[in-house]
file upload.json (JSON, C-alpha atoms and all ligand atoms)
[["chain", "number", "residue", "atom", "x", "y", "z"],
["L", 288, "MET", "CA", -114.17, 214.88, 64.77],
["L", 289, "ILE", "CA", -112.97, 211.28, 64.68],
["L", 290, "LYS", "CA", -110.53, 210.54, 67.49],
["L", 291, "THR", "CA", -111.36, 207.05, 68.76],
["L", 292, "VAL", "CA", -111.70, 204.14, 66.32],
["L", 293, "ALA", "CA", -112.98, 200.69, 67.26],
["L", 294, "VAL", "CA", -111.69, 197.73, 65.24],
["L", 295, "ILE", "CA", -113.70, 194.53, 65.76],
["L", 296, "GLY", "CA", -111.87, 191.26, 65.06],
["L", 297, "ALA", "CA", -108.16, 190.85, 65.81],
["L", 298, "GLY", "CA", -107.22, 188.26, 63.16],
["L", 299, "THR", "CA", -105.05, 188.73, 60.07],
["L", 300, "MET", "CA", -106.84, 191.90, 58.95],
["L", 301, "GLY", "CA", -108.02, 193.37, 62.26],
["L", 302, "ASN", "CA", -104.52, 193.66, 63.68],
["L", 303, "GLY", "CA", -103.25, 195.38, 60.52],
["L", 304, "ILE", "CA", -106.20, 197.79, 60.49],
["L", 305, "ALA", "CA", -105.72, 198.58, 64.20],
["L", 306, "GLN", "CA", -102.03, 199.23, 63.51],
["L", 307, "VAL", "CA", -102.57, 201.72, 60.67],
["L", 308, "PHE", "CA", -105.16, 203.65, 62.69],
["L", 309, "ALA", "CA", -102.81, 203.78, 65.72],
["L", 310, "GLN", "CA", -99.94, 204.89, 63.45],
["L", 311, "GLY", "CA", -102.28, 207.50, 61.96],
["L", 312, "GLY", "CA", -102.74, 209.12, 65.40],
["L", 313, "PHE", "CA", -106.15, 207.68, 66.31],
["L", 314, "SER", "CA", -106.93, 206.06, 69.68],
["L", 315, "VAL", "CA", -107.78, 202.45, 68.86],
["L", 316, "ARG", "CA", -109.99, 199.98, 70.73],
["L", 317, "LEU", "CA", -109.32, 196.52, 69.31],
["L", 318, "VAL", "CA", -112.08, 194.02, 70.20],
["L", 319, "ASP", "CA", -112.15, 190.24, 69.71],
["L", 320, "VAL", "CA", -114.18, 187.48, 71.37],
["L", 321, "ALA", "CA", -110.95, 185.52, 71.85],
["L", 322, "GLN", "CA", -108.35, 186.92, 74.30],
["L", 323, "PRO", "CA", -105.53, 184.82, 72.69],
["L", 324, "MET", "CA", -106.24, 186.59, 69.35],
["L", 325, "LEU", "CA", -105.89, 189.97, 71.09],
["L", 326, "ASP", "CA", -102.57, 188.89, 72.62],
["L", 327, "ARG", "CA", -101.34, 187.63, 69.25],
["L", 328, "ALA", "CA", -102.49, 190.83, 67.55],
["L", 329, "ARG", "CA", -100.56, 193.04, 69.98],
["L", 330, "GLY", "CA", -97.43, 190.93, 69.36],
["L", 331, "ALA", "CA", -97.90, 191.16, 65.57],
["L", 332, "ILE", "CA", -98.36, 194.94, 65.74],
["L", 333, "GLU", "CA", -95.23, 195.33, 67.90],
["L", 334, "ARG", "CA", -93.21, 193.26, 65.40],
["L", 335, "SER", "CA", -94.56, 195.15, 62.39],
["L", 336, "LEU", "CA", -93.88, 198.56, 63.94],
["L", 337, "GLY", "CA", -90.42, 197.29, 64.94],
["L", 338, "LYS", "CA", -89.68, 196.53, 61.26],
["L", 339, "PHE", "CA", -90.65, 200.08, 60.28],
["L", 340, "VAL", "CA", -88.24, 201.39, 62.96],
["L", 341, "GLU", "CA", -85.42, 199.09, 61.69],
["L", 342, "LYS", "CA", -85.94, 200.39, 58.15],
["L", 343, "GLY", "CA", -85.81, 203.98, 59.38],
["L", 344, "LYS", "CA", -89.42, 204.66, 58.34],
["L", 345, "LEU", "CA", -90.65, 205.28, 61.90],
["L", 346, "THR", "CA", -88.94, 206.65, 64.99],
["L", 347, "ALA", "CA", -88.83, 204.60, 68.20],
["L", 348, "SER", "CA", -90.84, 207.29, 69.97],
["L", 349, "ASP", "CA", -93.55, 207.26, 67.27],
["L", 350, "ARG", "CA", -93.70, 203.44, 67.62],
["L", 351, "ASP", "CA", -94.13, 203.76, 71.39],
["L", 352, "ALA", "CA", -96.78, 206.46, 70.94],
["L", 353, "ALA", "CA", -98.71, 204.27, 68.45],
["L", 354, "LEU", "CA", -98.61, 201.30, 70.86],
["L", 355, "GLY", "CA", -99.73, 203.60, 73.69],
["L", 356, "ARG", "CA", -102.85, 204.52, 71.67],
["L", 357, "LEU", "CA", -103.96, 200.87, 71.41],
["L", 358, "THR", "CA", -106.25, 199.20, 73.97],
["L", 359, "THR", "CA", -107.99, 195.82, 73.72],
["L", 360, "ALA", "CA", -111.27, 194.35, 74.97],
["L", 361, "THR", "CA", -113.27, 191.13, 74.61],
["L", 362, "SER", "CA", -116.68, 192.82, 74.29],
["L", 363, "VAL", "CA", -118.22, 195.66, 72.27],
["L", 364, "ASP", "CA", -120.13, 196.87, 75.33],
["L", 365, "GLY", "CA", -117.64, 199.62, 76.16],
["L", 366, "LEU", "CA", -117.72, 201.28, 72.72],
["L", 367, "GLY", "CA", -119.90, 204.24, 73.69],
["L", 368, "ASP", "CA", -116.88, 206.52, 73.17],
["L", 369, "ALA", "CA", -116.04, 205.22, 69.66],
["L", 370, "ASP", "CA", -116.27, 207.83, 66.87],
["L", 371, "TYR", "CA", -115.83, 205.34, 64.00],
["L", 372, "VAL", "CA", -115.99, 201.53, 63.74],
["L", 373, "VAL", "CA", -114.32, 199.07, 61.35],
["L", 374, "GLU", "CA", -115.51, 195.46, 61.55],
["L", 375, "ALA", "CA", -113.07, 192.69, 60.53],
["L", 376, "ILE", "CA", -114.50, 189.47, 62.01],
["L", 377, "VAL", "CA", -115.02, 186.11, 60.26],
["L", 378, "GLU", "CA", -116.46, 186.16, 56.72],
["L", 379, "HIS", "CA", -119.86, 184.82, 57.77],
["L", 380, "ALA", "CA", -123.01, 186.85, 56.95],
["L", 381, "ASP", "CA", -125.17, 185.88, 59.96],
["L", 382, "THR", "CA", -122.30, 186.46, 62.45],
["L", 383, "LYS", "CA", -121.59, 189.86, 60.91],
["L", 384, "ARG", "CA", -125.29, 190.82, 60.89],
["L", 385, "ALA", "CA", -125.60, 189.95, 64.60],
["L", 386, "LEU", "CA", -122.51, 192.04, 65.34],
["L", 387, "PHE", "CA", -123.86, 195.03, 63.37],
["L", 388, "THR", "CA", -127.09, 194.88, 65.39],
["L", 389, "SER", "CA", -125.02, 194.95, 68.62],
["L", 390, "LEU", "CA", -122.80, 197.77, 67.33],
["L", 391, "ASP", "CA", -125.93, 199.75, 66.41],
["L", 392, "ALA", "CA", -127.10, 199.40, 70.02],
["L", 393, "VAL", "CA", -123.84, 200.31, 71.79],
["L", 394, "THR", "CA", -122.43, 203.13, 69.62],
["L", 395, "ARG", "CA", -123.74, 206.69, 69.27],
["L", 396, "PRO", "CA", -126.32, 206.99, 66.45],
["L", 397, "GLU", "CA", -124.14, 209.28, 64.30],
["L", 398, "VAL", "CA", -121.17, 206.88, 64.25],
["L", 399, "ILE", "CA", -120.21, 205.29, 60.90],
["L", 400, "LEU", "CA", -119.99, 201.48, 60.91],
["L", 401, "ALA", "CA", -117.60, 200.16, 58.22],
["L", 402, "SER", "CA", -117.09, 196.51, 57.30],
["L", 403, "ASN", "CA", -113.86, 195.03, 55.94],
["L", 404, "THR", "CA", -115.84, 192.19, 54.34],
["L", 405, "SER", "CA", -114.30, 190.71, 51.18],
["L", 406, "SER", "CA", -117.60, 189.83, 49.57],
["L", 407, "ILE", "CA", -120.70, 190.00, 51.82],
["L", 408, "SER", "CA", -123.42, 192.51, 50.86],
["L", 409, "ILE", "CA", -123.02, 195.88, 52.60],
["L", 410, "THR", "CA", -126.74, 196.47, 52.04],
["L", 411, "LEU", "CA", -127.47, 193.29, 54.04],
["L", 412, "LEU", "CA", -125.22, 194.44, 56.91],
["L", 413, "GLY", "CA", -126.76, 197.93, 56.86],
["L", 414, "ALA", "CA", -130.23, 196.40, 57.08],
["L", 415, "ALA", "CA", -129.24, 194.80, 60.41],
["L", 416, "THR", "CA", -128.99, 198.34, 61.86],
["L", 417, "LYS", "CA", -131.20, 201.41, 62.25],
["L", 418, "ARG", "CA", -128.55, 203.50, 60.42],
["L", 419, "PRO", "CA", -128.08, 201.86, 56.97],
["L", 420, "ASP", "CA", -127.08, 205.28, 55.59],
["L", 421, "LYS", "CA", -124.00, 205.13, 57.86],
["L", 422, "VAL", "CA", -122.88, 201.61, 56.90],
["L", 423, "LEU", "CA", -120.31, 201.09, 54.14],
["L", 424, "GLY", "CA", -117.59, 198.68, 53.08],
["L", 425, "MET", "CA", -113.97, 199.60, 53.73],
["L", 426, "HIS", "CA", -112.09, 196.72, 52.18],
["L", 427, "PHE", "CA", -108.44, 196.98, 53.22],
["L", 428, "MET", "CA", -105.85, 194.81, 51.47],
["L", 429, "ASN", "CA", -103.51, 192.33, 53.13],
["L", 430, "PRO", "CA", -100.94, 193.18, 54.56],
["L", 431, "VAL", "CA", -102.71, 196.36, 55.63],
["L", 432, "PRO", "CA", -99.64, 198.38, 56.77],
["L", 433, "LEU", "CA", -98.07, 198.00, 53.29],
["L", 434, "MET", "CA", -100.97, 197.99, 50.83],
["L", 435, "THR", "CA", -102.30, 201.41, 49.89],
["L", 436, "LEU", "CA", -105.67, 200.51, 48.32],
["L", 437, "VAL", "CA", -108.97, 200.59, 50.21],
["L", 438, "GLU", "CA", -111.98, 199.46, 48.17],
["L", 439, "MET", "CA", -114.95, 201.57, 49.34],
["L", 440, "ILE", "CA", -118.31, 199.87, 48.93],
["L", 441, "ARG", "CA", -121.48, 201.91, 48.76],
["L", 442, "GLY", "CA", -124.52, 199.91, 49.92],
["L", 443, "GLN", "CA", -128.01, 200.58, 48.56],
["L", 444, "ALA", "CA", -128.72, 203.00, 51.44],
["L", 445, "THR", "CA", -125.20, 204.37, 52.13],
["L", 446, "SER", "CA", -125.26, 208.18, 52.05],
["L", 447, "ALA", "CA", -122.92, 210.36, 50.01],
["L", 448, "GLU", "CA", -121.82, 212.00, 53.28],
["L", 449, "THR", "CA", -120.79, 208.63, 54.75],
["L", 450, "MET", "CA", -118.72, 207.88, 51.62],
["L", 451, "ALA", "CA", -117.09, 211.32, 51.85],
["L", 452, "VAL", "CA", -116.21, 210.98, 55.56],
["L", 453, "ALA", "CA", -114.81, 207.46, 55.03],
["L", 454, "SER", "CA", -112.74, 208.63, 52.04],
["L", 455, "LYS", "CA", -111.25, 211.37, 54.21],
["L", 456, "VAL", "CA", -110.40, 208.73, 56.88],
["L", 457, "CYS", "CA", -108.59, 206.72, 54.16],
["L", 458, "ALA", "CA", -106.64, 209.78, 53.10],
["L", 459, "ASP", "CA", -105.67, 210.45, 56.75],
["L", 460, "LEU", "CA", -104.23, 206.90, 56.83],
["L", 461, "GLY", "CA", -102.25, 207.55, 53.62],
["L", 462, "LYS", "CA", -104.44, 205.11, 51.67],
["L", 463, "THR", "CA", -106.14, 205.48, 48.28],
["L", 464, "PRO", "CA", -109.93, 204.92, 48.31],
["L", 465, "ILE", "CA", -111.59, 203.47, 45.17],
["L", 466, "GLU", "CA", -115.38, 203.17, 45.07],
["L", 467, "ALA", "CA", -117.18, 199.97, 44.08],
["L", 468, "ALA", "CA", -120.89, 199.11, 43.92],
["L", 469, "ASP", "CA", -122.44, 196.52, 46.23],
["L", 470, "TYR", "CA", -122.32, 193.38, 44.05],
["L", 471, "PRO", "CA", -120.85, 190.06, 45.24],
["L", 472, "GLY", "CA", -117.06, 190.29, 45.53],
["L", 473, "PHE", "CA", -117.10, 194.02, 44.61],
["L", 474, "ILE", "CA", -114.20, 194.74, 42.21],
["L", 475, "ALA", "CA", -111.14, 193.13, 43.85],
["L", 476, "ASN", "CA", -112.48, 189.68, 44.62],
["L", 477, "ARG", "CA", -114.81, 189.50, 41.60],
["L", 478, "ILE", "CA", -111.61, 189.39, 39.56],
["L", 479, "LEU", "CA", -108.99, 187.92, 41.92],
["L", 480, "MET", "CA", -110.87, 184.96, 43.45],
["L", 481, "PRO", "CA", -111.96, 183.26, 40.20],
["L", 482, "MET", "CA", -108.27, 183.34, 39.16],
["L", 483, "ILE", "CA", -107.22, 181.71, 42.45],
["L", 484, "ASN", "CA", -110.07, 179.17, 42.16],
["L", 485, "GLU", "CA", -108.98, 178.32, 38.58],
["L", 486, "ALA", "CA", -105.39, 177.84, 39.78],
["L", 487, "ILE", "CA", -106.72, 175.34, 42.36],
["L", 488, "TYR", "CA", -108.64, 173.49, 39.60],
["L", 489, "ALA", "CA", -105.35, 173.35, 37.67],
["L", 490, "VAL", "CA", -103.67, 171.68, 40.69],
["L", 491, "MET", "CA", -106.60, 169.26, 41.10],
["L", 492, "GLU", "CA", -106.53, 168.26, 37.43],
["L", 493, "GLY", "CA", -102.76, 167.82, 37.45],
["L", 494, "VAL", "CA", -102.14, 170.61, 34.92],
["L", 495, "GLY", "CA", -99.15, 171.67, 37.00],
["L", 496, "THR", "CA", -97.68, 171.54, 40.49],
["L", 497, "PRO", "CA", -98.36, 174.50, 42.81],
["L", 498, "GLU", "CA", -94.74, 175.62, 42.23],
["L", 499, "ALA", "CA", -95.16, 175.41, 38.42],
["L", 500, "ILE", "CA", -98.47, 177.31, 38.45],
["L", 501, "ASP", "CA", -97.13, 180.05, 40.72],
["L", 502, "THR", "CA", -93.93, 180.37, 38.67],
["L", 503, "VAL", "CA", -95.91, 180.72, 35.41],
["L", 504, "MET", "CA", -97.96, 183.56, 36.89],
["L", 505, "LYS", "CA", -94.93, 185.27, 38.44],
["L", 506, "LEU", "CA", -92.54, 185.09, 35.49],
["L", 507, "GLY", "CA", -95.12, 184.98, 32.71],
["L", 508, "MET", "CA", -97.65, 187.52, 33.96],
["L", 509, "HIS", "CA", -95.40, 189.57, 36.22],
["L", 510, "HIS", "CA", -97.55, 188.93, 39.30],
["L", 511, "PRO", "CA", -95.52, 189.64, 42.48],
["L", 512, "MET", "CA", -96.85, 186.44, 44.06],
["L", 513, "GLY", "CA", -98.35, 183.29, 42.51],
["L", 514, "PRO", "CA", -102.10, 182.64, 43.02],
["L", 515, "LEU", "CA", -101.57, 179.58, 45.26],
["L", 516, "ALA", "CA", -99.04, 181.32, 47.52],
["L", 517, "LEU", "CA", -101.52, 184.20, 47.66],
["L", 518, "ALA", "CA", -104.39, 181.82, 48.57],
["L", 519, "ASP", "CA", -102.26, 180.47, 51.45],
["L", 520, "PHE", "CA", -101.55, 184.05, 52.52],
["L", 521, "ILE", "CA", -105.23, 185.08, 52.44],
["L", 522, "GLY", "CA", -106.39, 181.86, 54.16],
["L", 523, "LEU", "CA", -108.11, 179.02, 52.26],
["L", 524, "ASP", "CA", -111.21, 179.30, 54.50],
["L", 525, "VAL", "CA", -111.54, 182.97, 53.53],
["L", 526, "CYS", "CA", -111.08, 182.06, 49.82],
["L", 527, "LEU", "CA", -113.81, 179.41, 50.08],
["L", 528, "ALA", "CA", -116.17, 181.83, 51.84],
["L", 529, "ILE", "CA", -115.66, 184.44, 49.10],
["L", 530, "MET", "CA", -116.13, 181.91, 46.24],
["L", 531, "THR", "CA", -119.33, 180.73, 47.93],
["L", 532, "VAL", "CA", -120.67, 184.30, 48.03],
["L", 533, "LEU", "CA", -119.77, 184.80, 44.33],
["L", 534, "HIS", "CA", -121.41, 181.49, 43.38],
["L", 535, "ASP", "CA", -124.58, 182.10, 45.42],
["L", 536, "GLY", "CA", -124.86, 185.79, 44.54],
["L", 537, "LEU", "CA", -124.10, 185.67, 40.81],
["L", 538, "GLY", "CA", -125.53, 182.21, 40.14],
["L", 539, "ASP", "CA", -123.11, 181.35, 37.34],
["L", 540, "PRO", "CA", -121.51, 177.86, 37.54],
["L", 541, "LYS", "CA", -118.17, 179.40, 36.56],
["L", 542, "TYR", "CA", -117.91, 180.58, 40.18],
["L", 543, "ARG", "CA", -118.29, 177.05, 41.64],
["L", 544, "PRO", "CA", -115.72, 176.67, 44.46],
["L", 545, "CYS", "CA", -113.13, 174.07, 43.43],
["L", 546, "PRO", "CA", -113.73, 170.70, 45.21],
["L", 547, "LEU", "CA", -110.03, 170.58, 46.16],
["L", 548, "LEU", "CA", -110.44, 173.94, 47.95],
["L", 549, "ARG", "CA", -113.42, 172.54, 49.87],
["L", 550, "ARG", "CA", -111.47, 169.41, 50.77],
["L", 551, "MET", "CA", -108.42, 171.31, 52.02],
["L", 552, "VAL", "CA", -110.59, 173.58, 54.21],
["L", 553, "ALA", "CA", -112.44, 170.53, 55.61],
["L", 554, "ALA", "CA", -109.03, 169.03, 56.48],
["L", 555, "GLY", "CA", -107.99, 172.20, 58.33],
["L", 556, "GLN", "CA", -105.34, 173.03, 55.69],
["L", 557, "LEU", "CA", -105.98, 176.76, 55.71],
["L", 558, "GLY", "CA", -102.63, 178.07, 54.44],
["L", 559, "ARG", "CA", -100.17, 180.12, 56.46],
["L", 560, "LYS", "CA", -102.40, 180.51, 59.51],
["L", 561, "SER", "CA", -102.61, 176.71, 60.03],
["L", 562, "GLY", "CA", -99.03, 175.97, 58.87],
["L", 563, "ARG", "CA", -100.19, 174.00, 55.83],
["L", 564, "GLY", "CA", -101.91, 174.80, 52.54],
["L", 565, "PHE", "CA", -100.47, 174.52, 49.03],
["L", 566, "TYR", "CA", -97.10, 174.94, 50.78],
["L", 567, "THR", "CA", -95.93, 174.16, 54.32],
["L", 568, "TYR", "CA", -94.89, 176.93, 56.72],
["L", 601, "LIG", "N1", -107.39, 187.50, 54.94],
["L", 601, "LIG", "C1", -107.35, 188.41, 53.99],
["L", 601, "LIG", "O1", -106.39, 188.47, 53.20],
["L", 601, "LIG", "C2", -108.48, 189.41, 53.86],
["L", 601, "LIG", "C3", -108.30, 190.51, 53.01],
["L", 601, "LIG", "C4", -109.29, 191.49, 52.94],
["L", 601, "LIG", "C5", -110.46, 191.34, 53.69],
["L", 601, "LIG", "N2", -110.62, 190.24, 54.50],
["L", 601, "LIG", "C6", -111.86, 190.16, 55.30],
["L", 601, "LIG", "O2", -111.56, 190.60, 56.63],
["L", 601, "LIG", "C7", -112.38, 189.91, 57.57],
["L", 601, "LIG", "C8", -111.49, 189.22, 58.58],
["L", 601, "LIG", "O3", -110.67, 188.30, 57.90],
["L", 601, "LIG", "P1", -109.35, 187.69, 58.59],
["L", 601, "LIG", "O4", -108.59, 187.02, 57.50],
["L", 601, "LIG", "O5", -108.71, 188.72, 59.44],
["L", 601, "LIG", "O6", -110.02, 186.57, 59.54],
["L", 601, "LIG", "P2", -109.36, 185.77, 60.78],
["L", 601, "LIG", "O7", -110.01, 184.44, 60.77],
["L", 601, "LIG", "O8", -107.87, 185.89, 60.75],
["L", 601, "LIG", "O9", -109.87, 186.62, 62.05],
["L", 601, "LIG", "C9", -111.22, 186.75, 62.41],
["L", 601, "LIG", "C10", -111.28, 187.17, 63.87],
["L", 601, "LIG", "O10", -112.63, 187.51, 64.21],
["L", 601, "LIG", "C11", -112.85, 187.10, 65.54],
["L", 601, "LIG", "N3", -114.30, 187.03, 65.75],
["L", 601, "LIG", "C12", -115.19, 186.12, 65.26],
["L", 601, "LIG", "N4", -116.45, 186.45, 65.64],
["L", 601, "LIG", "C13", -116.36, 187.60, 66.36],
["L", 601, "LIG", "C14", -117.31, 188.45, 67.00],
["L", 601, "LIG", "N5", -118.62, 188.19, 66.96],
["L", 601, "LIG", "N6", -116.85, 189.55, 67.66],
["L", 601, "LIG", "C15", -115.53, 189.84, 67.70],
["L", 601, "LIG", "N7", -114.58, 189.07, 67.11],
["L", 601, "LIG", "C16", -114.99, 187.98, 66.43],
["L", 601, "LIG", "C17", -112.12, 185.77, 65.66],
["L", 601, "LIG", "O11", -111.86, 185.43, 67.01],
["L", 601, "LIG", "C18", -110.84, 186.08, 64.86],
["L", 601, "LIG", "O12", -109.82, 186.59, 65.69],
["L", 601, "LIG", "C19", -113.28, 188.99, 56.75],
["L", 601, "LIG", "O13", -114.49, 189.63, 56.50],
["L", 601, "LIG", "C20", -112.47, 188.79, 55.47],
["L", 601, "LIG", "O14", -113.28, 188.47, 54.36],
["L", 601, "LIG", "C21", -109.65, 189.29, 54.61]]

call {"tool": "encode", "arguments": {"input": "upload.json", "output": "C-alpha cells", "more": "lines below"}}
Ligand SMILES: NC(=O)c1ccc[n+]([C@@H]2O[C@H](COP(=O)([O-])OP(=O)(O)OC[C@H]3O[C@@H](n4cnc5c(N)ncnc54)[C@H](O)[C@@H]3O)[C@@H](O)[C@H]2O)c1
result
Amino acid sequence: MIKTVAVIGAGTMGNGIAQVFAQGGFSVRLVDVAQPMLDRARGAIERSLGKFVEKGKLTASDRDAALGRLTTATSVDGLGDADYVVEAIVEHADTKRALFTSLDAVTRPEVILASNTSSISITLLGAATKRPDKVLGMHFMNPVPLMTLVEMIRGQATSAETMAVASKVCADLGKTPIEAADYPGFIANRILMPMINEAIYAVMEGVGTPEAIDTVMKLGMHHPMGPLALADFIGLDVCLAIMTVLHDGLGDPKYRPCPLLRRMVAAGQLGRKSGRGFYTY
C-alpha cells in the first residue's frame, strides 16, 4: 500500500509533482539540497492550491489538508518510511545516477524509484541501483497540476509489475499514463524539442522575430502556445540538456543544439525562471 511518497527536487517540476500527490491524499516528503527552493516550492504550492479554491474546484478544507500532508527536508537520509519515490532534480545524468545510488541505499528494497527525466536513459539510472526492475520513468508535463499526461518509460530491466503499479499511481492522481520505450527523448521530447530547436534556428537566421514565429505556430498550427514561449516556460537550460541527449544518443546532426540556444544558456538567459529568455518577464 502506497501512503508516503518522496519527491526529490523542488524546482519547477518537483513542486508540481509534490502538489498533485498531496492533493491525491498521499503524505509527501519533498526533498531538495537547497532550502530556498523548498521555501519557494511551498509558496508556489500554496498559490496554486489557492487558485483551485478561487475557481471552486477545491474546498478550503481540502487545500488545508493537502498542505498538512506536505513536509520538506534537505537530505534523503530520512526516507526509510517512503513507499514510492519520484525524482525531479536537474537534468544531468551523473547527478541523477549518484542520487539513485543514494536512494537505493536509504529506501526499503521493494520501493519503486521513478524519474521525471525528460530524456536521460532510465536503463542507465536503473543500473545505478540494485533494483533496476523497480526503476522507471514517470515523465509529468508542465504545469503538473493542470496537465493530465504522464509518459511512462520502461527501462531495459523494468518489470511489468513496476509498470502496472506506477500506472495505478497515475490513475489515482487523475492522470493518463502512456508507455514509451527507453530511447533518447522518449516520445514527447523526441518530437517537441527538435521543433523548439528549429524555431530557435529560425530566430538566429532572422527568418522571423520570436513574436512572428510564435504567432505563426499559434494561429497557423493551432498550438496553444508558440515554441519560443514554451521554451522560456520549460527553461532554456533544460531544453539544451534535452537536445544534447538527443544529439549524443541518436547521433544524427539534425539534433544539433542551436548555437543561439547555447549562447543564451551561457549568458544565464534561461527563460521565465531567470526573468529573461526569448521574452522578458
Ligand atoms: N521544466 C520542464 O518543463 C520539465 C518538464 C518535464 C520534465 N522535466 C524534468 O524534470 C526534472 C527537473 O526539472 P526542473 O525544470 O524542475 O528543474 P529545476 O532546475 O527547476 O529544479 C531542479 C531542482 O533540483 C535540485 N537538486 C539538484 N541536485 C539535487 C540533488 N542531488 N538532490 C536534491 N535536489 C537536487 C535543485 O536545487 C533544484 O531545486 C529534470 O529531469 C527535467 O528534465 C522538466

call {"tool": "residues_near_ligand", "arguments": {"input": "upload.json", "ligand": "ligand LIG 601 (chain L)", "cutoff": "9 Å", "atoms": "only C-alpha atoms and all ligand atoms", "output": "count of residues only"}}
result
57

call {"tool": "closest_residue", "arguments": {"input": "upload.json", "among": "L:Ile474, L:Leu317, L:Leu411, L:Met439", "to": "Leu423 (chain L)", "atoms": "only C-alpha atoms"}}
result
L:Met439

call {"tool": "atom_distance", "arguments": {"input": "upload.json", "atom1": "CA of Arg441 (chain L)", "atom2": "CA of Asp539 (chain L)"}}
result
23.6 Å

call {"tool": "residues_around", "arguments": {"input": "upload.json", "residues": "region 443-454 of chain L", "least_positions_apart": "3", "cutoff": "12 Å", "atoms": "all atoms listed in the file", "output": "MDAnalysis selection string"}}
result
chainID L and resid 288:289 370:373 397:402 408:414 416:426 436:440 457:470

call {"tool": "residues_around", "arguments": {"input": "upload.json", "residues": "Arg350 (chain L)", "least_positions_apart": "6", "cutoff": "10 Å", "atoms": "only C-alpha atoms", "output": "number ranges by chain"}}
result
L: 309-310, 332-333, 335-337, 339-340

call {"tool": "closest_residue", "arguments": {"input": "upload.json", "among": "L:Val294, L:Val503, L:Met480, L:Ile487", "to": "Ala360 (chain L)", "atoms": "only C-alpha atoms"}}
result
L:Val294

call {"tool": "axis_aligned_box", "arguments": {"input": "upload.json", "around": "region 353-370 of chain L", "padding_each_side": "8 Å", "output": "JSON"}}
result
{"center_x": -109.4, "center_y": 199.5, "center_z": 71.5, "size_x": 37.5, "size_y": 32.7, "size_z": 25.3}

call {"tool": "closest_residue", "arguments": {"input": "upload.json", "among": "L:Lys342, L:Arg384, L:Pro514, L:Lys541", "to": "Phe565 (chain L)", "atoms": "all atoms listed in the file"}}
result
L:Pro514

call {"tool": "residues_around", "arguments": {"input": "upload.json", "residues": "Arg563 (chain L)", "least_positions_apart": "2", "cutoff": "12 Å", "atoms": "only C-alpha atoms", "output": "VMD selection string"}}
result
chain L and resid 516 518 to 520 522 to 523 551 to 552 554 to 561 565 to 568

call {"tool": "write_last_selection", "arguments": {"input": "upload.json", "atoms": "C-alpha atoms", "output": "PDB file, in the coordinates of the input"}}
result
ATOM      1  CA  ALA L 516     -99.040 181.320  47.520  1.00  0.00           C
ATOM      2  CA  ALA L 518    -104.390 181.820  48.570  1.00  0.00           C
ATOM      3  CA  ASP L 519    -102.260 180.470  51.450  1.00  0.00           C
ATOM      4  CA  PHE L 520    -101.550 184.050  52.520  1.00  0.00           C
ATOM      5  CA  GLY L 522    -106.390 181.860  54.160  1.00  0.00           C
ATOM      6  CA  LEU L 523    -108.110 179.020  52.260  1.00  0.00           C
ATOM      7  CA  MET L 551    -108.420 171.310  52.020  1.00  0.00           C
ATOM      8  CA  VAL L 552    -110.590 173.580  54.210  1.00  0.00           C
ATOM      9  CA  ALA L 554    -109.030 169.030  56.480  1.00  0.00           C
ATOM     10  CA  GLY L 555    -107.990 172.200  58.330  1.00  0.00           C
ATOM     11  CA  GLN L 556    -105.340 173.030  55.690  1.00  0.00           C
ATOM     12  CA  LEU L 557    -105.980 176.760  55.710  1.00  0.00           C
ATOM     13  CA  GLY L 558    -102.630 178.070  54.440  1.00  0.00           C
ATOM     14  CA  ARG L 559    -100.170 180.120  56.460  1.00  0.00           C
ATOM     15  CA  LYS L 560    -102.400 180.510  59.510  1.00  0.00           C
ATOM     16  CA  SER L 561    -102.610 176.710  60.030  1.00  0.00           C
ATOM     17  CA  PHE L 565    -100.470 174.520  49.030  1.00  0.00           C
ATOM     18  CA  TYR L 566     -97.100 174.940  50.780  1.00  0.00           C
ATOM     19  CA  THR L 567     -95.930 174.160  54.320  1.00  0.00           C
ATOM     20  CA  TYR L 568     -94.890 176.930  56.720  1.00  0.00           C
TER      21      TYR L 568
END

call {"tool": "atom_distance", "arguments": {"input": "upload.json", "atom1": "CA of Met434 (chain L)", "atom2": "CA of Lys455 (chain L)"}}
result
17.2 Å

call {"tool": "closest_residue", "arguments": {"input": "upload.json", "among": "L:Phe387, L:Pro471, L:Thr359, L:Val393", "to": "Arg327 (chain L)", "atoms": "only C-alpha atoms"}}
result
L:Thr359
